[in-house]
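Peer 1: My structure is in input-v5.txt, and what it holds is compact mmCIF, N, CA, C and O atoms:
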# COMPACT_ATOMS: atom_id res chain seq x y z
N MET A 1 -5.26 12.05 6.20
CA MET A 1 -4.30 11.57 5.23
C MET A 1 -4.98 11.60 3.85
O MET A 1 -6.14 11.24 3.72
N ARG A 2 -4.23 12.05 2.85
CA ARG A 2 -4.76 12.11 1.50
C ARG A 2 -3.93 11.22 0.57
O ARG A 2 -2.71 11.19 0.67
N MET A 3 -4.62 10.55 -0.33
CA MET A 3 -3.95 9.66 -1.26
C MET A 3 -2.95 10.43 -2.12
O MET A 3 -1.87 9.93 -2.43
N TYR A 4 -3.30 11.64 -2.50
CA TYR A 4 -2.41 12.48 -3.30
C TYR A 4 -1.05 12.63 -2.62
O TYR A 4 0.00 12.54 -3.26
N ASP A 5 -1.05 12.86 -1.32
CA ASP A 5 0.20 13.04 -0.58
C ASP A 5 1.02 11.75 -0.53
O ASP A 5 2.25 11.79 -0.60
N ILE A 6 0.34 10.61 -0.42
CA ILE A 6 1.03 9.33 -0.40
C ILE A 6 1.69 9.07 -1.76
O ILE A 6 2.86 8.66 -1.83
N ILE A 7 0.97 9.33 -2.84
CA ILE A 7 1.51 9.14 -4.18
C ILE A 7 2.72 10.05 -4.38
O ILE A 7 3.77 9.62 -4.87
N ARG A 8 2.60 11.31 -4.00
CA ARG A 8 3.70 12.27 -4.16
C ARG A 8 4.91 11.85 -3.33
O ARG A 8 6.05 11.94 -3.78
N HIS A 9 4.65 11.38 -2.12
CA HIS A 9 5.72 10.95 -1.22
C HIS A 9 6.55 9.84 -1.88
O HIS A 9 7.78 9.90 -1.91
N LYS A 10 5.85 8.84 -2.43
CA LYS A 10 6.56 7.73 -3.08
C LYS A 10 7.20 8.18 -4.39
O LYS A 10 8.33 7.79 -4.69
N ARG A 11 6.51 8.99 -5.15
CA ARG A 11 7.05 9.49 -6.41
C ARG A 11 8.36 10.22 -6.20
O ARG A 11 9.28 10.14 -7.00
N ASP A 12 8.45 10.93 -5.08
CA ASP A 12 9.65 11.71 -4.77
C ASP A 12 10.76 10.86 -4.16
O ASP A 12 11.80 11.39 -3.78
N GLY A 13 10.55 9.55 -4.04
CA GLY A 13 11.61 8.64 -3.63
C GLY A 13 11.68 8.32 -2.15
O GLY A 13 12.64 7.69 -1.71
N PHE A 14 10.69 8.72 -1.38
CA PHE A 14 10.70 8.44 0.05
C PHE A 14 10.03 7.11 0.34
O PHE A 14 9.19 6.64 -0.41
N ALA A 15 10.40 6.50 1.45
CA ALA A 15 9.76 5.26 1.90
C ALA A 15 8.39 5.60 2.48
O ALA A 15 8.22 6.61 3.17
N LEU A 16 7.42 4.75 2.20
CA LEU A 16 6.09 4.92 2.77
C LEU A 16 6.07 4.43 4.20
O LEU A 16 6.70 3.43 4.53
N SER A 17 5.33 5.13 5.05
CA SER A 17 5.19 4.70 6.44
C SER A 17 4.19 3.54 6.51
O SER A 17 3.40 3.32 5.57
N ASP A 18 4.20 2.83 7.62
CA ASP A 18 3.23 1.76 7.82
C ASP A 18 1.81 2.30 7.75
O ASP A 18 0.91 1.65 7.21
N GLU A 19 1.60 3.49 8.28
CA GLU A 19 0.27 4.10 8.28
C GLU A 19 -0.18 4.44 6.86
O GLU A 19 -1.35 4.27 6.51
N GLU A 20 0.73 4.93 6.03
CA GLU A 20 0.38 5.25 4.64
C GLU A 20 0.00 3.99 3.87
O GLU A 20 -0.97 3.99 3.11
N ILE A 21 0.76 2.94 4.08
CA ILE A 21 0.47 1.68 3.39
C ILE A 21 -0.87 1.12 3.85
O ILE A 21 -1.69 0.69 3.03
N ALA A 22 -1.12 1.13 5.15
CA ALA A 22 -2.39 0.63 5.68
C ALA A 22 -3.56 1.46 5.16
O ALA A 22 -4.62 0.92 4.83
N PHE A 23 -3.38 2.78 5.08
CA PHE A 23 -4.43 3.68 4.55
C PHE A 23 -4.75 3.31 3.11
O PHE A 23 -5.92 3.23 2.72
N PHE A 24 -3.72 3.07 2.32
CA PHE A 24 -3.92 2.70 0.92
C PHE A 24 -4.68 1.38 0.79
O PHE A 24 -5.67 1.30 0.05
N VAL A 25 -4.23 0.36 1.48
CA VAL A 25 -4.87 -0.95 1.36
C VAL A 25 -6.31 -0.89 1.84
O VAL A 25 -7.23 -1.39 1.18
N GLN A 26 -6.54 -0.26 2.98
CA GLN A 26 -7.90 -0.14 3.52
C GLN A 26 -8.80 0.64 2.56
O GLN A 26 -9.92 0.24 2.27
N GLY A 27 -8.29 1.76 2.08
CA GLY A 27 -9.08 2.59 1.18
C GLY A 27 -9.39 1.92 -0.15
O GLY A 27 -10.49 2.06 -0.69
N PHE A 28 -8.43 1.19 -0.68
CA PHE A 28 -8.67 0.52 -1.95
C PHE A 28 -9.66 -0.63 -1.78
O PHE A 28 -10.55 -0.82 -2.62
N THR A 29 -9.53 -1.38 -0.70
CA THR A 29 -10.44 -2.52 -0.50
C THR A 29 -11.86 -2.08 -0.15
O THR A 29 -12.81 -2.78 -0.50
N ASP A 30 -12.00 -0.91 0.50
CA ASP A 30 -13.37 -0.47 0.80
C ASP A 30 -13.97 0.41 -0.29
O ASP A 30 -15.11 0.84 -0.20
N GLY A 31 -13.19 0.67 -1.35
CA GLY A 31 -13.71 1.41 -2.49
C GLY A 31 -13.59 2.91 -2.41
O GLY A 31 -14.04 3.62 -3.31
N SER A 32 -12.98 3.44 -1.35
CA SER A 32 -12.88 4.89 -1.22
C SER A 32 -11.71 5.48 -2.02
O SER A 32 -11.64 6.68 -2.22
N ILE A 33 -10.78 4.64 -2.46
CA ILE A 33 -9.68 5.08 -3.30
C ILE A 33 -9.95 4.59 -4.71
O ILE A 33 -10.07 3.38 -4.94
N PRO A 34 -10.06 5.51 -5.67
CA PRO A 34 -10.37 5.09 -7.04
C PRO A 34 -9.19 4.39 -7.73
O PRO A 34 -8.04 4.54 -7.33
N ASP A 35 -9.51 3.66 -8.77
CA ASP A 35 -8.52 2.90 -9.52
C ASP A 35 -7.37 3.77 -10.03
O ASP A 35 -6.22 3.35 -10.01
N TYR A 36 -7.68 4.98 -10.51
CA TYR A 36 -6.62 5.80 -11.08
C TYR A 36 -5.60 6.23 -10.03
O TYR A 36 -4.42 6.37 -10.34
N GLN A 37 -6.02 6.42 -8.78
CA GLN A 37 -5.07 6.76 -7.73
C GLN A 37 -4.24 5.54 -7.33
O GLN A 37 -3.04 5.65 -7.07
N ALA A 38 -4.87 4.38 -7.28
CA ALA A 38 -4.13 3.15 -7.00
C ALA A 38 -3.09 2.91 -8.09
O ALA A 38 -1.95 2.55 -7.81
N SER A 39 -3.48 3.13 -9.34
CA SER A 39 -2.56 2.95 -10.46
C SER A 39 -1.38 3.90 -10.37
O SER A 39 -0.24 3.52 -10.64
N ALA A 40 -1.64 5.14 -9.97
CA ALA A 40 -0.56 6.12 -9.84
C ALA A 40 0.42 5.71 -8.74
O ALA A 40 1.64 5.82 -8.91
N LEU A 41 -0.11 5.22 -7.62
CA LEU A 41 0.78 4.77 -6.55
C LEU A 41 1.58 3.55 -6.98
O LEU A 41 2.79 3.47 -6.74
N LEU A 42 0.94 2.61 -7.65
CA LEU A 42 1.64 1.41 -8.09
C LEU A 42 2.72 1.75 -9.13
O LEU A 42 3.79 1.13 -9.13
N MET A 43 2.47 2.75 -9.96
CA MET A 43 3.50 3.18 -10.91
C MET A 43 4.69 3.78 -10.18
O MET A 43 5.85 3.49 -10.49
N ALA A 44 4.41 4.60 -9.16
CA ALA A 44 5.50 5.18 -8.37
C ALA A 44 6.29 4.10 -7.64
O ALA A 44 7.52 4.16 -7.56
N ILE A 45 5.58 3.08 -7.13
CA ILE A 45 6.26 1.97 -6.47
C ILE A 45 7.11 1.20 -7.47
O ILE A 45 8.25 0.83 -7.18
N PHE A 46 6.60 0.97 -8.66
CA PHE A 46 7.36 0.27 -9.69
C PHE A 46 8.63 1.05 -10.04
O PHE A 46 9.71 0.47 -10.17
N LEU A 47 8.51 2.36 -10.20
CA LEU A 47 9.66 3.18 -10.61
C LEU A 47 10.67 3.38 -9.48
O LEU A 47 11.87 3.44 -9.73
N ARG A 48 10.19 3.52 -8.25
CA ARG A 48 11.07 3.83 -7.12
C ARG A 48 11.42 2.62 -6.26
O ARG A 48 12.37 2.66 -5.48
N GLY A 49 10.63 1.56 -6.37
CA GLY A 49 10.88 0.36 -5.57
C GLY A 49 10.37 0.51 -4.14
O GLY A 49 9.89 1.56 -3.73
N MET A 50 10.49 -0.59 -3.41
CA MET A 50 10.10 -0.61 -2.00
C MET A 50 11.21 -1.28 -1.21
O MET A 50 11.83 -2.22 -1.69
N ASN A 51 11.43 -0.77 -0.01
CA ASN A 51 12.43 -1.41 0.85
C ASN A 51 11.79 -2.64 1.52
O ASN A 51 10.56 -2.84 1.42
N PRO A 52 12.57 -3.48 2.18
CA PRO A 52 12.00 -4.70 2.79
C PRO A 52 10.88 -4.43 3.80
O PRO A 52 9.90 -5.18 3.86
N ARG A 53 10.98 -3.37 4.59
CA ARG A 53 9.93 -3.06 5.56
C ARG A 53 8.63 -2.69 4.85
O ARG A 53 7.55 -3.14 5.23
N GLU A 54 8.72 -1.85 3.81
CA GLU A 54 7.53 -1.49 3.05
C GLU A 54 6.87 -2.73 2.43
O GLU A 54 5.65 -2.87 2.49
N THR A 55 7.69 -3.60 1.86
CA THR A 55 7.18 -4.81 1.24
C THR A 55 6.49 -5.70 2.26
O THR A 55 5.39 -6.22 2.01
N ALA A 56 7.09 -5.87 3.43
CA ALA A 56 6.50 -6.69 4.48
C ALA A 56 5.19 -6.08 4.98
O ALA A 56 4.21 -6.81 5.19
N THR A 57 5.16 -4.77 5.16
CA THR A 57 3.94 -4.11 5.63
C THR A 57 2.83 -4.23 4.60
O THR A 57 1.68 -4.52 4.95
N LEU A 58 3.16 -4.02 3.33
CA LEU A 58 2.15 -4.14 2.28
C LEU A 58 1.60 -5.57 2.23
O LEU A 58 0.39 -5.78 2.16
N THR A 59 2.47 -6.55 2.31
CA THR A 59 2.05 -7.95 2.28
C THR A 59 1.14 -8.26 3.46
O THR A 59 0.09 -8.90 3.32
N ASP A 60 1.52 -7.79 4.65
CA ASP A 60 0.73 -8.04 5.86
C ASP A 60 -0.65 -7.37 5.76
O ASP A 60 -1.66 -8.00 6.07
N CYS A 61 -0.68 -6.12 5.31
CA CYS A 61 -1.95 -5.41 5.19
C CYS A 61 -2.86 -6.08 4.16
O CYS A 61 -4.08 -6.19 4.37
N MET A 62 -2.27 -6.52 3.06
CA MET A 62 -3.06 -7.21 2.03
C MET A 62 -3.61 -8.53 2.57
O MET A 62 -4.78 -8.86 2.33
N ALA A 63 -2.80 -9.27 3.30
CA ALA A 63 -3.25 -10.55 3.86
C ALA A 63 -4.38 -10.35 4.85
O ALA A 63 -5.33 -11.15 4.89
N LYS A 64 -4.31 -9.29 5.63
CA LYS A 64 -5.34 -9.03 6.65
C LYS A 64 -6.58 -8.34 6.08
O LYS A 64 -7.56 -8.16 6.80
N SER A 65 -6.55 -7.96 4.80
CA SER A 65 -7.67 -7.24 4.22
C SER A 65 -8.82 -8.15 3.79
O SER A 65 -9.90 -7.68 3.47
N GLY A 66 -8.59 -9.44 3.78
CA GLY A 66 -9.63 -10.38 3.34
C GLY A 66 -9.75 -11.54 4.28
O GLY A 66 -9.19 -11.55 5.38
N ASP A 67 -10.48 -12.54 3.85
CA ASP A 67 -10.65 -13.75 4.64
C ASP A 67 -9.34 -14.52 4.67
O ASP A 67 -8.60 -14.55 3.69
N GLN A 68 -9.06 -15.13 5.82
CA GLN A 68 -7.87 -15.96 5.96
C GLN A 68 -8.28 -17.37 6.28
O GLN A 68 -9.23 -17.61 7.01
N VAL A 69 -7.55 -18.31 5.72
CA VAL A 69 -7.84 -19.72 5.93
C VAL A 69 -6.86 -20.24 6.97
O VAL A 69 -5.65 -20.00 6.87
N ASP A 70 -7.37 -20.94 7.98
CA ASP A 70 -6.53 -21.52 9.02
C ASP A 70 -6.04 -22.88 8.53
O ASP A 70 -6.80 -23.83 8.39
N LEU A 71 -4.75 -22.97 8.26
CA LEU A 71 -4.15 -24.21 7.76
C LEU A 71 -3.37 -24.94 8.83
O LEU A 71 -2.62 -25.88 8.53
N SER A 72 -3.55 -24.56 10.09
CA SER A 72 -2.76 -25.15 11.17
C SER A 72 -3.06 -26.65 11.37
O SER A 72 -2.22 -27.36 11.93
N SER A 73 -4.20 -27.12 10.92
CA SER A 73 -4.53 -28.53 11.09
C SER A 73 -3.87 -29.44 10.06
O SER A 73 -3.91 -30.66 10.18
N ILE A 74 -3.23 -28.85 9.06
CA ILE A 74 -2.57 -29.63 8.02
C ILE A 74 -1.15 -29.95 8.47
O ILE A 74 -0.38 -29.03 8.79
N PRO A 75 -0.80 -31.21 8.52
CA PRO A 75 0.56 -31.56 8.95
C PRO A 75 1.60 -31.11 7.91
O PRO A 75 1.34 -31.13 6.73
N GLY A 76 2.79 -30.75 8.44
CA GLY A 76 3.88 -30.38 7.55
C GLY A 76 3.98 -28.99 7.37
O GLY A 76 4.30 -28.02 7.37
I need this file expressed as structure tokens, please.
Peer 2:
Amino acid sequence: MRMYDIIRHKRDGFALSDEEIAFFVQGFTDGSIPDYQASALLMAIFLRGMNPRETATLTDCMAKSGDQVDLSSIPG
């Protein structure tokens, strides 16, 4: 999978697959995707939008990309 193809896919108005979104988040967090490519994808997302599934997948991938705090012991 290439970042260029993911950017082009979104730029052309198609929905990103779960795999494309996961590739982007993983690559950006590990440093293998440069800032300018992330910026290009984010611009395409801003211009074309994301459907609810894409938004949920991006949110989930972002949440799982770092440390998570267990708040289950807090009442309420």
Peer 1: Just list as a VMD selection string whatever in chain A DSSP marks as alpha helix (DSSP H).
Peer 2: chain A and resid 3 to 11 18 to 30 35 to 48 52 to 64
Peer 1: Counting only N, CA, C and O atoms, find the residues whose atoms lie at most 8 Å from (3.8, 1.3, 6.0) (file coordinates) and write them out as an MDAnalysis selection string.
Peer 2: chainID A and resid 15:23 53:58
Peer 1: Give me, as CSV, the closest atom pair and its distance (Å, one decimal) for every residue of range 14-45 of chain A within a cut-off of 8 Å of range 63-66 of chain A, counting all atoms listed in the file, rows sorted by chain and rising number.
Peer 2:
residue,atom,partner,partner_atom,distance
A:Val25,O,A:Ser65,CA,6.6
A:Gln26,CA,A:Ser65,CA,7.1
A:Thr29,CA,A:Ser65,O,6.5
A:Asp30,N,A:Ser65,O,7.7
Peer 1: Can you list, as a PyMOL selection string, every protein, DNA or RNA residue that comes within 8 Å of Ala38 in chain A when you count only N, CA, C and O atoms, leaving out same-chain residues fewer than 6 positions away?
Peer 2: chain A and resi 3+24+28+44-45
Peer 1: Those residues with N, CA, C and O atoms, as a CSV table (one decimal), keeping the file's coordinate frame please?
Peer 2:
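To be explicit, this is the file written out as result-v3.csv:
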chain,number,residue,atom,x,y,z
A,3,MET,N,-4.6,10.6,-0.3
A,3,MET,CA,-4.0,9.7,-1.3
A,3,MET,C,-3.0,10.4,-2.1
A,3,MET,O,-1.9,9.9,-2.4
A,24,PHE,N,-3.7,3.1,2.3
A,24,PHE,CA,-3.9,2.7,0.9
A,24,PHE,C,-4.7,1.4,0.8
A,24,PHE,O,-5.7,1.3,0.0
A,28,PHE,N,-8.4,1.2,-0.7
A,28,PHE,CA,-8.7,0.5,-2.0
A,28,PHE,C,-9.7,-0.6,-1.8
A,28,PHE,O,-10.6,-0.8,-2.6
A,44,ALA,N,4.4,4.6,-9.2
A,44,ALA,CA,5.5,5.2,-8.4
A,44,ALA,C,6.3,4.1,-7.6
A,44,ALA,O,7.5,4.2,-7.6
A,45,ILE,N,5.6,3.1,-7.1
A,45,ILE,CA,6.3,2.0,-6.5
A,45,ILE,C,7.1,1.2,-7.5
A,45,ILE,O,8.2,0.8,-7.2
Peer 1: Could you work out how far atom N of Gly27 in chain A lies from atom C of Met62 in chain A, giving the answer in Å with one decimal?
Peer 2: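 The value is 11.3 Å.
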Peer 1: Between A:Ser72, A:Thr59, A:Gln37, A:Asn51, which one has atoms that come closest to Arg8 in chain A, using only C-alpha atoms?
Peer 2: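 Selected residue with least distance to Arg8 in chain A: A:Gln37.
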Peer 1: For a quick check of understanding, using only N, CA, C and O atoms, which of A:Ile74, A:Cys61, A:Leu41, A:Ile33 has the smallest distance to Ile6 in chain A?
Peer 2: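 With only N, CA, C and O atoms as the atom set, the closest residue is A:Leu41.
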Peer 1: Using CA of Gly13 in chain A and CA of Arg48 in chain A as the two end points, give the distance in Å to one decimal.
Peer 2: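 So the answer is 6.0 Å.
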Peer 1: Using only C-alpha atoms, find the one residue out of A:Asp67, A:Tyr4, A:Pro52, A:Ser73 that sits nearest to Tyr36 in chain A.
Peer 2: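 The closest residue to Tyr36 in chain A is A:Tyr4.
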Peer 1: Provide the atom O of Leu42 in chain A to atom O of Phe14 in chain A distance in Å, to one decimal place.
Peer 2: 11.6 Å
